[in-house]
Amino acid sequence: MTLRRITSFLFLATIFCCTFEKVHWSFGGAVSLADVLALCFLASYALLTRPRVPRTTAVLLGFFGAFVLVYLIGFYNLETSDALSQFEKGFVKFAIHFVFLAAAVAWLWRRGRSYYWRALGWFCGGVALNAAYGVVQLLVARSGGNLDSYLISPLTGGASKINVYGAVEGGQVFRPNALTGDPNHLGIMLIVPLLVLTPVYLRLERRHRLRRRLALLIGFLFLVELATLSRSGLLGLGIGAIVLALPYRRYLWSRALLAPLAGALAVLGAVVLTRLHFFEVVFRSRINTSGGSQSAHFEVYSFVPQILHSHPLFGLGLNNFSIYYEFVTGKTNWGPHSFYVSLLVETGLVGTLLFGAFLVWVFARLRTARRLGRTLTQLRDPLASRVRPLAWGLTAALAGTMAANFFYLTMQFYYFYAFLALALAVPLVFRPSSSQ
């Protein structure tokens with residue numbers, strides 16, 4: 001029983017901290033707090049586990065083997081010691097992430113429904129804490145301080161600070177990156193709890209004890225989303241909202257939905273009116289698509305035909321875009337700024353098709369989860385009002401995250417694998433029968 005409690009704590013702690021990118025230490029590469037917790041969970045789970053696992057975990061392990069094979073074949077395209085070092089770092093990270101995903105699905109399946117809701121709460125709570133840190137970080141920066149130097153740097157030994165976007169009227173424009181490495185990362189991560197929790201909140205009974213809390217949380221997360229000034233985050237949120245608008249269109253003008261959004265916009269409006277010209281300049285700069293940063297985001301797509309011409313099947317090798325980019329442009333430590341460019345350049349057509357097949361399978365499992373919600377409705381099971389909104393929210397969050405990753409790479413981060421575990425576990429945990 002003690003080992004089970006330890007395993008449970010390590011799992012919940014991992015998904016709670018999975019967005020805390022800044023909490024890492026530099027030895028043998030960047031070792032994050034989530035790395036440490038995930039490895040401890042896997043070790044504890046291995047001691048506790050039974051031989052039997054759900055079919056979903058078996059399929060995940062099959063995908064894991066296929067990915068490893070593709071990456072090891074791509075290994076033979078490496079040409080320098082720096083390329084080998086980058087490959088090793090990327091491969092170790094991927095292995096930890098994916099094995100954690102497989103074990104997490106099996107763990108959630110074993111622990112049941114109440115534990116699943118608890119895990120979802122810990123995941124969303126971690127993102128909410130991250131967002132709250134970003135608000136405090138922004139307020140401290142406006143007063144001339146650096147919150148990271150007080151709390152993060154003494155813990156990790158590294159330097160970090162809030163993102164400085166530019167200057168207007170002699171004052172700096174800050175974009176909170178909170179405990180993530182980039183304000184755009186924060187913006188994209190926030191769309192997951194926003195899209196997952198919104199349909200669940202809309203279906204809660206009027207007097208449910210969580211209804212008001214979720215309304216406040218959704219409004220707060222939406223406000224922080226806007227504060228990040230992340231166009232990719234808003235793109236993902238918009239795509240996810242379109243997905244949700246299909247089954248929940250009757251809620252579009254409901255008081256339940258408009259109240260948290262109106263509250264967030266009211267707070268934003270009050271802040272904007274205090275410095276109207278300042279925010280007008282910032283807004284115009286963010287809708288301008290001809291700047292240098294925008295060119296860089298689109299420029300990386302021009303490398304795809306070049307790489308596919310030289311290494312069409314298996315690419316340059318895992319985690320090696322920065323090596324190629326430095327060779328061509330002279331810029332060091334520069335990622336592809338697109339998850340899909342990363343796939344094509346680093347793993348070629350074979351790796352891209354394999355990952356595409358993996359995402360299609362995840363969407364198929366979410367479709368099964370939505371069908372499960374309809375089945376529960378036909379059985380007049382009150383759980384239907386929770387499962388079906390949850391399944392739709394997870395579907396919207398996956399679609400939104402995929403859209404946002406056209407210009408960023410958050411789909412290779414820990415939080416994405418924790419999110420996938422929660423998504424893939426729904427058909428297993430809430431199935432009315434005991435079968436897999």
# chains A, B, ... in the order shown; residues from 1 in each chain; ligands from 1
$ residues_around --residues "region 44-55 of chain A" --least-positions-apart "5" --cutoff "9 Å" --atoms "only C-alpha atoms" --output "PyMOL selection string"
chain A and resi 3-4+6-8+10+39+60+103+105-107+109-110+428+436
$ write_last_selection --atoms "N, CA, C and O atoms" --output "compact mmCIF listing (two decimals), in the first residue's frame"
# COMPACT_ATOMS: atom_id res chain seq x y z
N LEU A 3 3.93 1.58 -1.28
CA LEU A 3 4.49 1.74 -2.62
C LEU A 3 3.44 2.27 -3.59
O LEU A 3 3.76 3.10 -4.47
N ARG A 4 2.20 1.85 -3.44
CA ARG A 4 1.14 2.35 -4.30
C ARG A 4 0.93 3.85 -4.09
O ARG A 4 0.75 4.60 -5.04
N ILE A 6 3.18 5.96 -3.01
CA ILE A 6 4.36 6.64 -3.55
C ILE A 6 4.25 6.76 -5.07
O ILE A 6 4.52 7.82 -5.64
N THR A 7 3.84 5.67 -5.72
CA THR A 7 3.67 5.69 -7.18
C THR A 7 2.62 6.71 -7.58
O THR A 7 2.80 7.46 -8.55
N SER A 8 1.53 6.76 -6.83
CA SER A 8 0.46 7.72 -7.12
C SER A 8 0.98 9.15 -6.98
O SER A 8 0.72 10.01 -7.84
N LEU A 10 4.07 10.24 -7.24
CA LEU A 10 5.04 10.54 -8.30
C LEU A 10 4.34 10.80 -9.62
O LEU A 10 4.74 11.70 -10.38
N LEU A 39 10.97 9.58 -14.21
CA LEU A 39 11.83 8.41 -14.04
C LEU A 39 11.54 7.72 -12.71
O LEU A 39 11.53 6.48 -12.63
N LEU A 60 0.59 1.46 -27.85
CA LEU A 60 1.58 2.51 -27.63
C LEU A 60 3.01 1.96 -27.66
O LEU A 60 3.90 2.57 -28.25
N ALA A 103 3.06 3.94 -19.71
CA ALA A 103 2.83 3.56 -18.32
C ALA A 103 1.70 4.37 -17.70
O ALA A 103 0.91 3.85 -16.90
N VAL A 105 -1.01 5.60 -19.14
CA VAL A 105 -2.31 5.08 -19.57
C VAL A 105 -2.67 3.84 -18.77
O VAL A 105 -3.81 3.68 -18.30
N ALA A 106 -1.70 2.94 -18.60
CA ALA A 106 -1.96 1.72 -17.82
C ALA A 106 -2.27 2.05 -16.36
O ALA A 106 -3.14 1.43 -15.74
N TRP A 107 -1.58 3.03 -15.80
CA TRP A 107 -1.79 3.43 -14.40
C TRP A 107 -3.19 4.03 -14.21
O TRP A 107 -3.90 3.68 -13.26
N TRP A 109 -5.79 3.48 -16.06
CA TRP A 109 -6.73 2.37 -16.26
C TRP A 109 -6.89 1.55 -14.98
O TRP A 109 -8.01 1.18 -14.60
N ARG A 110 -5.79 1.30 -14.30
CA ARG A 110 -5.84 0.52 -13.07
C ARG A 110 -6.52 1.26 -11.93
O ARG A 110 -7.22 0.66 -11.11
N LEU A 428 -10.88 3.70 -21.69
CA LEU A 428 -10.59 2.60 -20.79
C LEU A 428 -11.22 2.80 -19.41
O LEU A 428 -11.85 1.90 -18.86
N GLN A 436 -11.36 -4.60 -21.92
CA GLN A 436 -10.46 -3.57 -22.39
C GLN A 436 -10.99 -2.91 -23.65
O GLN A 436 -10.53 -1.87 -24.02
$ atom_distance --atom1 "CA of Thr395 (chain A)" --atom2 "CA of Thr180 (chain A)"
23.8 Å
$ residues_around --residues "region 95-99 of chain A" --least-positions-apart "6" --cutoff "9 Å" --atoms "only C-alpha atoms" --output "number ranges by chain"
A: 35, 38-39, 42, 60-61, 64, 68, 412-414, 417-418
$ closest_residue --among "A:Phe91, A:Phe303, A:Arg284, A:Leu383" --to "Val70 (chain A)" --atoms "only C-alpha atoms"
A:Phe91
$ closest_residue --among "A:Gly74, A:Asn130, A:Val196, A:Gly157" --to "Leu343 (chain A)" --atoms "only C-alpha atoms"
A:Gly74
$ closest_residue --among "A:Ala364, A:Val387, A:Leu229, A:Met411" --to "Ser342 (chain A)" --atoms "only C-alpha atoms"
A:Met411
$ closest_atom_pairs --of "region 271-389 of chain A" --to "region 75-80 of chain A" --cutoff "10 Å" --atoms "only C-alpha atoms" --output "CSV"
residue,atom,partner,partner_atom,distance
A:His311,CA,A:Asn77,CA,8.0
A:Phe314,CA,A:Asn77,CA,8.2
A:Gly315,CA,A:Asn77,CA,7.5
A:Leu316,CA,A:Asn77,CA,5.8
A:Gly317,CA,A:Phe75,CA,5.5
A:Leu318,CA,A:Phe75,CA,7.5
A:Asn320,CA,A:Leu78,CA,8.5
A:Ile323,CA,A:Thr80,CA,9.1
A:Glu346,CA,A:Asn77,CA,9.9
A:Thr347,CA,A:Phe75,CA,9.7
$ write_last_selection --atoms "all heavy atoms" --output "PDB file, in the first residue's frame"
ATOM      1  N   HIS A 311      17.959  13.712 -48.080  1.00  0.00           N
ATOM      2  CA  HIS A 311      17.637  12.601 -47.165  1.00  0.00           C
ATOM      3  C   HIS A 311      16.114  12.434 -47.101  1.00  0.00           C
ATOM      4  O   HIS A 311      15.493  12.764 -46.086  1.00  0.00           O
ATOM      5  CB  HIS A 311      18.190  12.879 -45.764  1.00  0.00           C
ATOM      6  CG  HIS A 311      19.676  13.050 -45.717  1.00  0.00           C
ATOM      7  ND1 HIS A 311      20.548  11.995 -45.864  1.00  0.00           N
ATOM      8  CD2 HIS A 311      20.441  14.155 -45.542  1.00  0.00           C
ATOM      9  CE1 HIS A 311      21.795  12.439 -45.763  1.00  0.00           C
ATOM     10  NE2 HIS A 311      21.755  13.748 -45.582  1.00  0.00           N
ATOM     11  N   PHE A 314      14.487   9.257 -44.187  1.00  0.00           N
ATOM     12  CA  PHE A 314      14.672   9.287 -42.734  1.00  0.00           C
ATOM     13  C   PHE A 314      15.293  10.592 -42.227  1.00  0.00           C
ATOM     14  O   PHE A 314      15.629  10.693 -41.057  1.00  0.00           O
ATOM     15  CB  PHE A 314      15.528   8.094 -42.303  1.00  0.00           C
ATOM     16  CG  PHE A 314      14.881   6.775 -42.598  1.00  0.00           C
ATOM     17  CD1 PHE A 314      15.222   6.064 -43.737  1.00  0.00           C
ATOM     18  CD2 PHE A 314      13.905   6.263 -41.759  1.00  0.00           C
ATOM     19  CE1 PHE A 314      14.605   4.854 -44.028  1.00  0.00           C
ATOM     20  CE2 PHE A 314      13.287   5.055 -42.035  1.00  0.00           C
ATOM     21  CZ  PHE A 314      13.634   4.351 -43.177  1.00  0.00           C
ATOM     22  N   GLY A 315      15.435  11.588 -43.087  1.00  0.00           N
ATOM     23  CA  GLY A 315      15.845  12.912 -42.662  1.00  0.00           C
ATOM     24  C   GLY A 315      17.282  13.007 -42.164  1.00  0.00           C
ATOM     25  O   GLY A 315      18.096  12.095 -42.351  1.00  0.00           O
ATOM     26  N   LEU A 316      17.576  14.134 -41.508  1.00  0.00           N
ATOM     27  CA  LEU A 316      18.925  14.414 -41.036  1.00  0.00           C
ATOM     28  C   LEU A 316      19.288  13.649 -39.777  1.00  0.00           C
ATOM     29  O   LEU A 316      20.459  13.499 -39.446  1.00  0.00           O
ATOM     30  CB  LEU A 316      19.067  15.911 -40.730  1.00  0.00           C
ATOM     31  CG  LEU A 316      19.025  16.878 -41.898  1.00  0.00           C
ATOM     32  CD1 LEU A 316      18.980  18.309 -41.377  1.00  0.00           C
ATOM     33  CD2 LEU A 316      20.236  16.681 -42.791  1.00  0.00           C
ATOM     34  N   GLY A 317      18.298  13.190 -39.043  1.00  0.00           N
ATOM     35  CA  GLY A 317      18.531  12.571 -37.746  1.00  0.00           C
ATOM     36  C   GLY A 317      17.791  13.330 -36.667  1.00  0.00           C
ATOM     37  O   GLY A 317      17.659  14.566 -36.726  1.00  0.00           O
ATOM     38  N   LEU A 318      17.299  12.616 -35.684  1.00  0.00           N
ATOM     39  CA  LEU A 318      16.491  13.207 -34.611  1.00  0.00           C
ATOM     40  C   LEU A 318      17.213  14.356 -33.932  1.00  0.00           C
ATOM     41  O   LEU A 318      18.402  14.266 -33.603  1.00  0.00           O
ATOM     42  CB  LEU A 318      16.150  12.121 -33.594  1.00  0.00           C
ATOM     43  CG  LEU A 318      15.225  12.523 -32.448  1.00  0.00           C
ATOM     44  CD1 LEU A 318      13.846  12.879 -32.981  1.00  0.00           C
ATOM     45  CD2 LEU A 318      15.121  11.389 -31.424  1.00  0.00           C
ATOM     46  N   ASN A 320      18.253  17.246 -34.977  1.00  0.00           N
ATOM     47  CA  ASN A 320      19.433  17.772 -35.673  1.00  0.00           C
ATOM     48  C   ASN A 320      19.148  18.965 -36.577  1.00  0.00           C
ATOM     49  O   ASN A 320      20.030  19.368 -37.329  1.00  0.00           O
ATOM     50  CB  ASN A 320      20.092  16.662 -36.490  1.00  0.00           C
ATOM     51  CG  ASN A 320      21.253  16.028 -35.764  1.00  0.00           C
ATOM     52  OD1 ASN A 320      22.413  16.339 -36.013  1.00  0.00           O
ATOM     53  ND2 ASN A 320      20.939  15.144 -34.836  1.00  0.00           N
ATOM     54  N   ILE A 323      21.679  21.856 -36.034  1.00  0.00           N
ATOM     55  CA  ILE A 323      23.008  21.635 -36.611  1.00  0.00           C
ATOM     56  C   ILE A 323      23.017  22.066 -38.073  1.00  0.00           C
ATOM     57  O   ILE A 323      23.916  22.782 -38.530  1.00  0.00           O
ATOM     58  CB  ILE A 323      23.422  20.158 -36.490  1.00  0.00           C
ATOM     59  CG1 ILE A 323      23.455  19.718 -35.025  1.00  0.00           C
ATOM     60  CG2 ILE A 323      24.772  19.923 -37.155  1.00  0.00           C
ATOM     61  CD1 ILE A 323      24.508  20.409 -34.194  1.00  0.00           C
ATOM     62  N   GLU A 346      13.990  16.193 -39.738  1.00  0.00           N
ATOM     63  CA  GLU A 346      14.767  15.313 -38.868  1.00  0.00           C
ATOM     64  C   GLU A 346      14.437  13.830 -39.040  1.00  0.00           C
ATOM     65  O   GLU A 346      15.289  12.977 -38.776  1.00  0.00           O
ATOM     66  CB  GLU A 346      14.549  15.719 -37.415  1.00  0.00           C
ATOM     67  CG  GLU A 346      15.067  17.108 -37.108  1.00  0.00           C
ATOM     68  CD  GLU A 346      14.837  17.531 -35.669  1.00  0.00           C
ATOM     69  OE1 GLU A 346      14.193  16.765 -34.918  1.00  0.00           O
ATOM     70  OE2 GLU A 346      15.296  18.627 -35.291  1.00  0.00           O
ATOM     71  N   THR A 347      13.206  13.501 -39.454  1.00  0.00           N
ATOM     72  CA  THR A 347      12.829  12.083 -39.568  1.00  0.00           C
ATOM     73  C   THR A 347      12.356  11.699 -40.964  1.00  0.00           C
ATOM     74  O   THR A 347      12.019  10.534 -41.181  1.00  0.00           O
ATOM     75  CB  THR A 347      11.728  11.734 -38.553  1.00  0.00           C
ATOM     76  OG1 THR A 347      10.511  12.428 -38.888  1.00  0.00           O
ATOM     77  CG2 THR A 347      12.136  12.135 -37.133  1.00  0.00           C
TER      78      THR A 347
END
$ closest_residue --among "A:Gly145, A:Pro154, A:Gly121, A:Gly393" --to "Lys22 (chain A)" --atoms "only C-alpha atoms"
A:Pro154
$ atom_distance --atom1 "CA of Ile191 (chain A)" --atom2 "CA of Tyr133 (chain A)"
16.9 Å
$ residues_around --residues "Gly240 (chain A)" --least-positions-apart "5" --cutoff "7 Å" --atoms "only C-alpha atoms" --output "list in words"
Leu195, Ala396, Ala397, Ala399 and Gly400 of chain A
$ write_last_selection --atoms "all heavy atoms" --output "JSON list (two decimals), in the first residue's frame"
[["chain", "number", "residue", "atom", "x", "y", "z"],
["A", 195, "LEU", "N", -9.73, 24.45, -23.36],
["A", 195, "LEU", "CA", -10.63, 23.69, -24.24],
["A", 195, "LEU", "C", -11.18, 22.44, -23.58],
["A", 195, "LEU", "O", -12.30, 22.01, -23.88],
["A", 195, "LEU", "CB", -9.90, 23.32, -25.53],
["A", 195, "LEU", "CG", -9.54, 24.51, -26.43],
["A", 195, "LEU", "CD1", -8.63, 24.08, -27.57],
["A", 195, "LEU", "CD2", -10.79, 25.19, -26.98],
["A", 396, "ALA", "N", -10.92, 18.75, -29.10],
["A", 396, "ALA", "CA", -10.67, 20.14, -29.48],
["A", 396, "ALA", "C", -9.26, 20.58, -29.09],
["A", 396, "ALA", "O", -8.58, 21.28, -29.84],
["A", 396, "ALA", "CB", -11.71, 21.05, -28.82],
["A", 397, "ALA", "N", -8.82, 20.15, -27.90],
["A", 397, "ALA", "CA", -7.48, 20.53, -27.43],
["A", 397, "ALA", "C", -6.40, 19.92, -28.33],
["A", 397, "ALA", "O", -5.38, 20.57, -28.61],
["A", 397, "ALA", "CB", -7.28, 20.07, -25.99],
["A", 399, "ALA", "N", -6.76, 19.10, -31.56],
["A", 399, "ALA", "CA", -6.82, 19.82, -32.84],
["A", 399, "ALA", "C", -6.19, 21.21, -32.71],
["A", 399, "ALA", "O", -5.43, 21.64, -33.59],
["A", 399, "ALA", "CB", -8.27, 19.93, -33.31],
["A", 400, "GLY", "N", -6.48, 21.90, -31.62],
["A", 400, "GLY", "CA", -5.91, 23.22, -31.40],
["A", 400, "GLY", "C", -4.41, 23.19, -31.23],
["A", 400, "GLY", "O", -3.68, 24.05, -31.75]]
$ atom_distance --atom1 "CA of Val345 (chain A)" --atom2 "CA of Ile73 (chain A)"
14.2 Å
$ select_by_dssp --residues "region 3-234 of chain A" --states "strand (DSSP E)" --output "list in words"
His24, Trp25, Ser26, Ala30, Val31, Ser32, Asn163, Val164, Tyr165, Gly166, Ala167, Val168, Gly171, Gln172, Val173, Phe174 and Arg175 of chain A
$ write_last_selection --atoms "N, CA and C atoms" --output "compact mmCIF listing (two decimals), in the first residue's frame"
# COMPACT_ATOMS: atom_id res chain seq x y z
N HIS A 24 14.96 23.19 -14.36
CA HIS A 24 15.83 22.16 -14.89
C HIS A 24 17.26 22.45 -14.49
N TRP A 25 18.09 21.42 -14.61
CA TRP A 25 19.50 21.53 -14.25
C TRP A 25 20.34 21.07 -15.42
N SER A 26 21.49 21.72 -15.62
CA SER A 26 22.35 21.45 -16.77
C SER A 26 23.45 20.46 -16.42
N ALA A 30 19.94 19.11 -20.46
CA ALA A 30 19.02 19.77 -19.54
C ALA A 30 18.12 18.71 -18.90
N VAL A 31 18.28 18.50 -17.59
CA VAL A 31 17.46 17.53 -16.86
C VAL A 31 16.41 18.31 -16.08
N SER A 32 15.16 18.15 -16.45
CA SER A 32 14.09 18.92 -15.84
C SER A 32 13.54 18.21 -14.61
N ASN A 163 10.06 37.50 -20.75
CA ASN A 163 10.35 37.90 -22.11
C ASN A 163 10.10 39.40 -22.30
N VAL A 164 11.07 40.08 -22.90
CA VAL A 164 10.93 41.51 -23.22
C VAL A 164 10.64 41.62 -24.70
N TYR A 165 9.42 42.02 -25.03
CA TYR A 165 8.98 42.06 -26.41
C TYR A 165 9.53 43.28 -27.16
N GLY A 166 9.65 44.39 -26.48
CA GLY A 166 10.12 45.62 -27.11
C GLY A 166 9.89 46.80 -26.18
N ALA A 167 9.84 47.99 -26.76
CA ALA A 167 9.64 49.19 -25.97
C ALA A 167 8.67 50.13 -26.69
N VAL A 168 7.80 50.74 -25.92
CA VAL A 168 6.84 51.71 -26.42
C VAL A 168 6.81 52.89 -25.46
N GLY A 171 8.79 52.77 -22.33
CA GLY A 171 8.52 51.68 -21.39
C GLY A 171 8.63 50.33 -22.07
N GLN A 172 9.12 49.34 -21.36
CA GLN A 172 9.28 48.01 -21.92
C GLN A 172 7.95 47.26 -22.00
N VAL A 173 7.84 46.44 -23.03
CA VAL A 173 6.67 45.59 -23.21
C VAL A 173 7.05 44.17 -22.80
N PHE A 174 6.40 43.66 -21.77
CA PHE A 174 6.72 42.33 -21.25
C PHE A 174 5.67 41.32 -21.69
N ARG A 175 6.16 40.11 -21.97
CA ARG A 175 5.27 38.99 -22.26
C ARG A 175 5.59 37.88 -21.26
$ closest_atom_pairs --of "region 38-138 of chain A" --to "region 202-217 of chain A" --cutoff "12 Å" --atoms "only C-alpha atoms" --output "Markdown table"
| residue | atom | partner | partner_atom | distance |
| --- | --- | --- | --- | --- |
| A:Gly121 | CA | A:Leu214 | CA | 11.0 |
| A:Cys124 | CA | A:Leu217 | CA | 9.8 |
| A:Gly125 | CA | A:Leu217 | CA | 9.7 |
| A:Val127 | CA | A:Leu217 | CA | 10.8 |
| A:Ala128 | CA | A:Leu217 | CA | 7.8 |
| A:Leu129 | CA | A:Leu217 | CA | 10.8 |
| A:Ala131 | CA | A:Leu217 | CA | 10.5 |
| A:Ala132 | CA | A:Leu217 | CA | 10.6 |
$ select_by_dssp --residues "region 32-218 of chain A" --states "helix (DSSP H, G or I)" --output "MDAnalysis selection string"
chainID A and resid 33:48 55:77 81:111 113:142 147:151 153:156 183:202 211:218
$ closest_residue --among "A:Leu72, A:Val140, A:Leu409, A:Leu151" --to "Phe87 (chain A)" --atoms "only C-alpha atoms"
A:Leu72
$ residues_around --residues "Arg118 (chain A)" --least-positions-apart "5" --cutoff "9 Å" --atoms "only C-alpha atoms" --output "JSON, numbers by chain"
{"A": [12, 113, 123]}
$ residues_around --residues "Tyr415 (chain A)" --least-positions-apart "3" --cutoff "8 Å" --atoms "only C-alpha atoms" --output "list in words"
Ile15, Cys18, Thr19, Met189, Ala418 and Phe419 of chain A
$ write_last_selection --atoms "C-alpha atoms" --output "PDB file, in the first residue's frame"
ATOM      1  CA  ILE A  15       1.713  15.736 -14.557  1.00  0.00           C
ATOM      2  CA  CYS A  18       5.049  18.866 -16.704  1.00  0.00           C
ATOM      3  CA  THR A  19       4.806  22.496 -17.886  1.00  0.00           C
ATOM      4  CA  MET A 189      -0.095  25.098 -23.219  1.00  0.00           C
ATOM      5  CA  ALA A 418       0.676  13.920 -20.165  1.00  0.00           C
ATOM      6  CA  PHE A 419      -2.255  15.313 -22.145  1.00  0.00           C
TER       7      PHE A 419
END
$ residues_around --residues "Asp182 (chain A)" --least-positions-apart "2" --cutoff "10 Å" --atoms "only C-alpha atoms" --output "PyMOL selection string"
chain A and resi 21-22+162-163+175-180+184-187+228+230
